[in-house]
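Visitor: Please find my_file15.cif (mmCIF, C-alpha atoms) on the next line:
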data_my_file
loop_
_atom_site.label_atom_id
_atom_site.label_comp_id
_atom_site.auth_asym_id
_atom_site.auth_seq_id
_atom_site.Cartn_x
_atom_site.Cartn_y
_atom_site.Cartn_z
CA MET A 1217 68.24 -28.69 -0.42
CA GLU A 1218 69.35 -26.64 -3.43
CA GLU A 1219 72.68 -27.43 -5.06
CA THR A 1220 74.94 -24.98 -6.83
CA LEU A 1221 76.62 -26.36 -9.93
CA THR A 1222 80.08 -25.09 -10.79
CA ALA A 1223 81.61 -25.41 -14.23
CA GLU A 1224 83.93 -28.18 -13.01
CA GLU A 1225 81.05 -30.19 -11.58
CA LEU A 1226 78.84 -30.14 -14.66
CA PRO A 1227 78.37 -33.63 -16.10
CA ASP A 1228 79.46 -34.19 -19.72
CA ARG A 1229 75.87 -34.38 -20.95
CA SER A 1230 74.54 -31.58 -18.79
CA PRO A 1231 72.32 -29.01 -20.56
CA TYR A 1232 74.57 -26.38 -18.97
CA ARG A 1233 77.72 -27.53 -20.81
CA GLN A 1234 78.53 -26.42 -24.34
CA PRO A 1235 79.61 -29.00 -26.99
CA GLY A 1236 83.34 -29.55 -26.80
CA GLY A 1237 83.49 -29.13 -23.03
CA SER A 1238 83.20 -25.34 -22.69
CA SER A 1239 81.92 -24.30 -19.27
CA TRP A 1240 79.66 -21.49 -20.51
CA PRO A 1241 76.11 -22.25 -19.36
CA VAL A 1242 73.60 -23.21 -22.05
CA PRO A 1243 70.07 -22.05 -21.17
CA PRO A 1244 67.18 -24.52 -21.11
CA PRO A 1245 64.85 -24.36 -24.17
CA ASP A 1246 62.41 -22.05 -22.34
CA GLY A 1247 65.12 -19.96 -20.68
CA TYR A 1248 66.22 -19.88 -17.06
CA THR A 1249 63.78 -19.47 -14.21
CA VAL A 1250 64.37 -17.74 -10.88
CA ASP A 1251 64.92 -21.14 -9.26
CA ASP A 1252 67.60 -21.97 -11.87
CA PHE A 1253 69.24 -18.59 -11.46
CA PHE A 1254 69.90 -18.90 -7.75
CA THR A 1255 71.50 -22.34 -8.11
CA LEU A 1256 74.00 -21.44 -10.86
CA ASP A 1257 77.58 -20.44 -10.08
CA LEU A 1258 77.72 -17.08 -11.89
CA PRO A 1259 79.97 -14.01 -11.98
CA PRO A 1260 79.06 -11.23 -9.53
CA HIS A 1261 76.18 -8.95 -10.54
CA THR A 1262 74.81 -11.27 -13.23
CA GLU A 1263 71.14 -10.53 -13.95
CA LEU A 1264 68.27 -12.62 -15.28
CA ILE A 1265 66.23 -10.77 -17.91
CA ASP A 1266 63.43 -12.61 -19.70
CA GLY A 1267 65.04 -15.94 -18.89
CA SER A 1268 68.47 -14.97 -20.26
CA LEU A 1269 71.65 -14.31 -18.30
CA VAL A 1270 73.07 -10.79 -18.57
CA PHE A 1271 76.69 -10.32 -17.54
CA VAL A 1272 78.06 -6.99 -16.30
CA SER A 1273 81.09 -5.28 -17.83
CA SER A 1274 83.65 -3.26 -15.91
CA GLN A 1275 82.16 0.08 -14.86
CA ARG A 1276 83.44 3.63 -15.24
CA ALA A 1277 84.37 5.72 -12.20
CA PHE A 1278 81.23 7.80 -12.84
CA HIS A 1279 79.06 4.77 -12.15
CA THR A 1280 80.68 4.01 -8.81
CA LEU A 1281 80.82 7.63 -7.66
CA SER A 1282 77.19 8.29 -8.61
CA MET A 1283 76.07 5.28 -6.62
CA CYS A 1284 78.13 6.42 -3.64
CA LEU A 1285 76.74 9.98 -3.77
CA LEU A 1286 73.12 8.88 -4.09
CA GLU A 1287 73.45 6.16 -1.48
CA GLN A 1288 74.77 8.65 1.07
CA GLY A 1289 71.98 11.09 0.21
CA LEU A 1290 69.27 8.45 0.48
CA TRP A 1291 70.52 7.39 3.91
CA ARG A 1292 70.67 10.94 5.26
CA HIS A 1293 66.96 11.39 6.09
CA ILE A 1294 65.57 7.90 5.59
CA PRO A 1295 62.53 7.00 7.75
CA SER A 1296 63.02 4.31 10.35
CA GLY A 1297 60.92 1.78 8.43
CA LEU A 1298 63.08 1.83 5.30
CA ARG A 1299 66.58 0.71 4.28
CA VAL A 1300 68.96 1.56 1.41
CA ARG A 1301 70.69 -1.32 -0.38
CA ARG A 1302 73.04 -1.37 -3.36
CA GLU A 1303 73.43 -3.97 -6.11
CA MET A 1304 71.04 -6.54 -4.65
CA ALA A 1305 68.90 -8.97 -6.64
CA MET A 1306 65.22 -8.10 -7.03
CA VAL A 1307 62.77 -10.82 -8.07
CA LEU A 1308 60.16 -9.48 -10.50
CA GLY A 1309 58.64 -12.74 -11.66
CA LYS A 1310 59.41 -16.25 -12.85
CA ARG A 1311 62.11 -15.22 -15.35
CA ASN A 1312 63.34 -11.79 -14.24
CA VAL A 1313 65.90 -11.01 -11.54
CA PRO A 1314 67.51 -7.63 -12.26
CA GLU A 1315 70.00 -6.02 -9.93
CA PRO A 1316 69.32 -2.28 -9.59
CA ASP A 1317 72.26 -0.10 -8.64
CA LEU A 1318 70.36 1.14 -5.57
CA LEU A 1319 67.19 0.06 -3.82
CA VAL A 1320 65.06 1.45 -1.03
CA VAL A 1321 63.29 -1.45 0.66
CA THR A 1322 61.13 -1.93 3.72
CA ALA A 1323 62.97 -2.73 6.93
CA GLU A 1324 60.69 -5.72 7.43
CA ALA A 1325 61.74 -7.22 4.09
CA ASP A 1326 65.42 -6.63 4.77
CA GLY A 1327 65.59 -9.78 6.87
CA ASP A 1328 69.06 -10.53 8.22
CA GLN A 1329 72.69 -10.61 7.10
CA ARG A 1330 71.99 -13.68 4.93
CA THR A 1331 69.45 -11.91 2.71
CA THR A 1332 70.30 -12.36 -1.00
CA ARG A 1333 67.22 -10.99 -2.77
CA TYR A 1334 64.15 -8.83 -2.42
CA GLN A 1335 60.66 -9.18 -3.84
CA ALA A 1336 59.26 -6.36 -5.96
CA ALA A 1337 56.47 -5.78 -3.44
CA ASP A 1338 59.11 -4.86 -0.83
CA VAL A 1339 60.81 -2.21 -2.99
CA LEU A 1340 59.84 1.47 -2.81
CA LEU A 1341 62.53 2.90 -5.11
CA ALA A 1342 64.84 1.43 -7.76
CA VAL A 1343 67.78 3.42 -9.18
CA GLU A 1344 69.73 2.69 -12.37
CA VAL A 1345 72.93 4.50 -13.34
CA VAL A 1346 73.21 4.27 -17.13
CA SER A 1347 76.33 2.53 -18.44
CA PRO A 1348 77.52 2.26 -22.06
CA ASP A 1349 76.98 -1.51 -22.10
CA SER A 1350 73.45 -1.32 -20.68
CA GLU A 1351 71.86 1.83 -22.12
CA ASP A 1352 68.83 0.07 -23.65
CA ARG A 1353 68.21 -2.06 -20.57
CA ASP A 1354 68.53 0.89 -18.16
CA ARG A 1355 66.43 3.31 -20.21
CA ASP A 1356 63.81 0.98 -21.63
CA THR A 1357 63.72 -2.68 -20.56
CA LYS A 1358 64.11 -2.28 -16.82
CA PRO A 1359 61.78 0.72 -16.30
CA HIS A 1360 58.99 -1.13 -18.10
CA LYS A 1361 59.51 -4.21 -15.95
CA TYR A 1362 59.78 -2.20 -12.73
CA ALA A 1363 56.55 -0.36 -13.50
CA ALA A 1364 54.74 -3.58 -14.42
CA ALA A 1365 55.88 -5.04 -11.08
CA GLY A 1366 54.36 -2.07 -9.21
CA ILE A 1367 57.52 -0.37 -7.93
CA LYS A 1368 56.34 3.12 -7.01
CA HIS A 1369 59.47 5.17 -7.72
CA PHE A 1370 62.28 4.92 -10.27
CA TRP A 1371 65.35 7.09 -10.89
CA LEU A 1372 67.45 7.07 -14.04
CA VAL A 1373 70.93 8.58 -13.69
CA GLU A 1374 72.79 9.89 -16.75
CA MET A 1375 76.24 11.46 -17.13
CA THR A 1376 75.91 14.95 -18.64
CA GLY A 1377 77.64 18.31 -19.01
CA GLU A 1378 81.24 19.37 -19.39
CA ASN A 1379 82.05 18.12 -15.87
CA ASP A 1380 80.43 14.67 -16.38
CA ARG A 1381 78.10 15.16 -13.45
CA PRO A 1382 74.99 13.08 -12.77
CA MET A 1383 71.61 14.14 -14.09
CA VAL A 1384 68.78 12.35 -12.26
CA ILE A 1385 65.42 11.85 -13.97
CA THR A 1386 62.79 10.91 -11.39
CA TYR A 1387 59.65 8.91 -12.12
CA GLU A 1388 56.53 7.94 -10.21
CA LEU A 1389 54.23 5.03 -10.98
CA ASP A 1390 50.83 5.54 -12.59
CA PRO A 1391 49.13 2.62 -10.77
CA VAL A 1392 46.26 2.39 -13.25
CA ASN A 1393 48.33 2.05 -16.41
CA LYS A 1394 51.38 0.52 -14.69
CA THR A 1395 53.69 3.01 -16.41
CA TYR A 1396 56.09 5.65 -15.08
CA VAL A 1397 55.43 9.37 -15.29
CA SER A 1398 58.40 11.73 -15.10
CA THR A 1399 58.32 14.02 -12.06
CA GLY A 1400 61.45 16.02 -12.84
CA VAL A 1401 64.93 16.33 -14.31
CA HIS A 1402 67.56 17.25 -11.74
CA HIS A 1403 71.04 18.59 -12.57
CA ASP A 1404 72.75 20.30 -9.63
CA ARG A 1405 70.41 19.43 -6.80
CA LEU A 1406 68.00 16.56 -6.16
CA LYS A 1407 65.35 17.83 -3.76
CA LEU A 1408 62.22 15.68 -3.36
CA SER A 1409 59.37 15.00 -0.96
CA ALA A 1410 58.69 11.49 -2.33
CA PRO A 1411 59.30 8.68 -1.62
CA TYR A 1412 60.44 10.71 1.43
CA ASP A 1413 62.29 13.99 2.07
CA ILE A 1414 65.51 13.88 0.06
CA ASP A 1415 68.04 16.64 -0.61
CA ILE A 1416 71.25 15.71 -2.47
CA ASP A 1417 73.87 18.08 -3.88
CA LEU A 1418 74.70 16.40 -7.18
CA THR A 1419 77.74 18.63 -7.71
CA ALA A 1420 79.34 17.00 -4.66
CA ILE A 1421 80.42 14.14 -6.94
CA ASP A 1422 83.43 16.36 -7.75
CA GLU A 1423 84.64 15.92 -4.16
CA LEU A 1424 84.41 12.13 -3.98
#
Please lay out the structure from this file as structure tokens.

Guide:
Amino acid sequence: MEETLTAEELPDRSPYRQPGGSSWPVPPPDGYTVDDFFTLDLPPHTELIDGSLVFVSSQRAFHTLSMCLLEQGLWRHIPSGLRVRREMAMVLGKRNVPEPDLLVVTAEADGDQRTTRYQAADVLLAVEVVSPDSEDRDRDTKPHKYAAAGIKHFWLVEMTGENDRPMVITYELDPVNKTYVSTGVHHDRLKLSAPYDIDIDLTAIDEL
């Protein structure tokens, strides 16, 4: 049975305790693994990237509203065999557990109300809304890892224009080279036929 260690429960000589008694976790010499990650008591939305813990800063209203708008749009015409989930852990390998802002996963993989993570093979679409504290990860690190893991579709959402509306850049996987190819840049309307029929009025963020 797995045990979750809290800062108060860490023994004095634990590798997770800093010298002097600080409760900040100290990573093992080779970095954390997925098994380590899911036993640590961490702040909400912490990610594991290349064996290192990545903590999330407070988000702007744009981030929350963009997620809400896209989540509603993704649900609107979703096929019966798929589900939309937000801010859920996705296991990419031994040392990577990112948390995309939105996911489209298979209904079979969704499990039950106790589900805490998804495997990359179960994910059809990953969406990242770019934040000031995570620009490099959202634009570079994560797309490379998502493509390498075989996730077929990826959206990158940026704040643009005088009205600070979302611009959505859509990508599809090149399965041979395991890289993403851009399929469009969408400003006012996001209308797609893949991964399924989607039609979202991006200007509707003004009404949320």

Visitor: Select, from A:Thr1332, A:Cys1284, A:Asp1354, A:Pro1295, the residue with the minimum atom-to-atom distance to Ala1420 of chain A, counting only C-alpha atoms.

Guide: A:Cys1284

Visitor: When distances are computed from only C-alpha atoms, which of A:Glu1263, A:Asp1317, A:Asp1338, A:Glu1324 shows the smallest separation from Arg1301 of chain A?

Guide: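 Closest residue, counting only C-alpha atoms: A:Asp1317.
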
Visitor: In Å, how far is it from atom CA of Arg1355 of chain A to atom CA of Leu1372 of chain A?

Guide: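 These two atoms are separated by 7.3 Å.
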
Visitor: Using only C-alpha atoms for the distances, tell me which of A:Ala1363, A:His1293, A:Met1306, A:Glu1315 is nearest to Ser1409 of chain A.

Guide: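 Comparing A:Ala1363, A:His1293, A:Met1306, A:Glu1315 against Ser1409 of chain A, the winner is A:His1293.
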
Visitor: Give me the residues near Arg1333 of chain A as a PyMOL selection string, where near means some atom within 10 Å (using all atoms listed in the file) and where sequence neighbours in that chain fewer than 6 positions away do not count.

Guide: chain A and resi 1254+1303-1307+1313+1315+1325-1327

Visitor: Rank A:Leu1281, A:Gln1275, A:Ala1364, A:Pro1243 by their smallest atom-to-atom distance to Leu1389 of chain A, using only C-alpha atoms, and report the top residue only.

Guide: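 Of all the options, A:Ala1364 lies closest to Leu1389 of chain A.
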
Visitor: For a test of reading the model, state the distance in Å between atom CA of Lys1358 of chain A and atom CA of Pro1314 of chain A, rounded to one decimal.

Guide: 7.8 Å

Visitor: Counting all atoms listed in the file, which residue out of A:Gln1335, A:Ser1398, A:Asn1393, A:Thr1357 sits closest to Phe1370 of chain A?

Guide: A:Ser1398

Visitor: Could you state the separation of atom CA of Val1373 of chain A and atom CA of Ser1268 of chain A in Å, given to one decimal place?

Guide: 24.6 Å

Visitor: Apply the PyMOL selection byres ((chain A and resi 1319) around 8) to the structure shown and report the selected residues as an mmCIF file with C-alpha atoms, in the frame of the given file.

Guide:
data_model
loop_
_atom_site.group_PDB
_atom_site.id
_atom_site.type_symbol
_atom_site.label_atom_id
_atom_site.label_comp_id
_atom_site.auth_asym_id
_atom_site.auth_seq_id
_atom_site.Cartn_x
_atom_site.Cartn_y
_atom_site.Cartn_z
ATOM 1 C CA VAL A 1300 68.960 1.560 1.410
ATOM 2 C CA ARG A 1301 70.690 -1.320 -0.380
ATOM 3 C CA ARG A 1302 73.040 -1.370 -3.360
ATOM 4 C CA GLU A 1303 73.430 -3.970 -6.110
ATOM 5 C CA MET A 1304 71.040 -6.540 -4.650
ATOM 6 C CA PRO A 1316 69.320 -2.280 -9.590
ATOM 7 C CA ASP A 1317 72.260 -0.100 -8.640
ATOM 8 C CA LEU A 1318 70.360 1.140 -5.570
ATOM 9 C CA VAL A 1320 65.060 1.450 -1.030
ATOM 10 C CA VAL A 1321 63.290 -1.450 0.660
ATOM 11 C CA VAL A 1339 60.810 -2.210 -2.990
ATOM 12 C CA LEU A 1340 59.840 1.470 -2.810
ATOM 13 C CA LEU A 1341 62.530 2.900 -5.110
ATOM 14 C CA ALA A 1342 64.840 1.430 -7.760
ATOM 15 C CA VAL A 1343 67.780 3.420 -9.180
#

Visitor: Hey, which of A:Glu1344, A:Asp1415, A:Asp1251, A:Asp1328 ends up closest to Met1375 of chain A? Count all atoms listed in the file.

Guide: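 Of all the options, A:Glu1344 lies closest to Met1375 of chain A.
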
Visitor: Could you expand the PyMOL selection byres ((chain A and resi 1387) around 10) into the explicit residues it covers here, written as a ChimeraX atom specification?

Guide: /A:1341,1359,1363,1368-1372,1384-1386,1388-1390,1395-1401
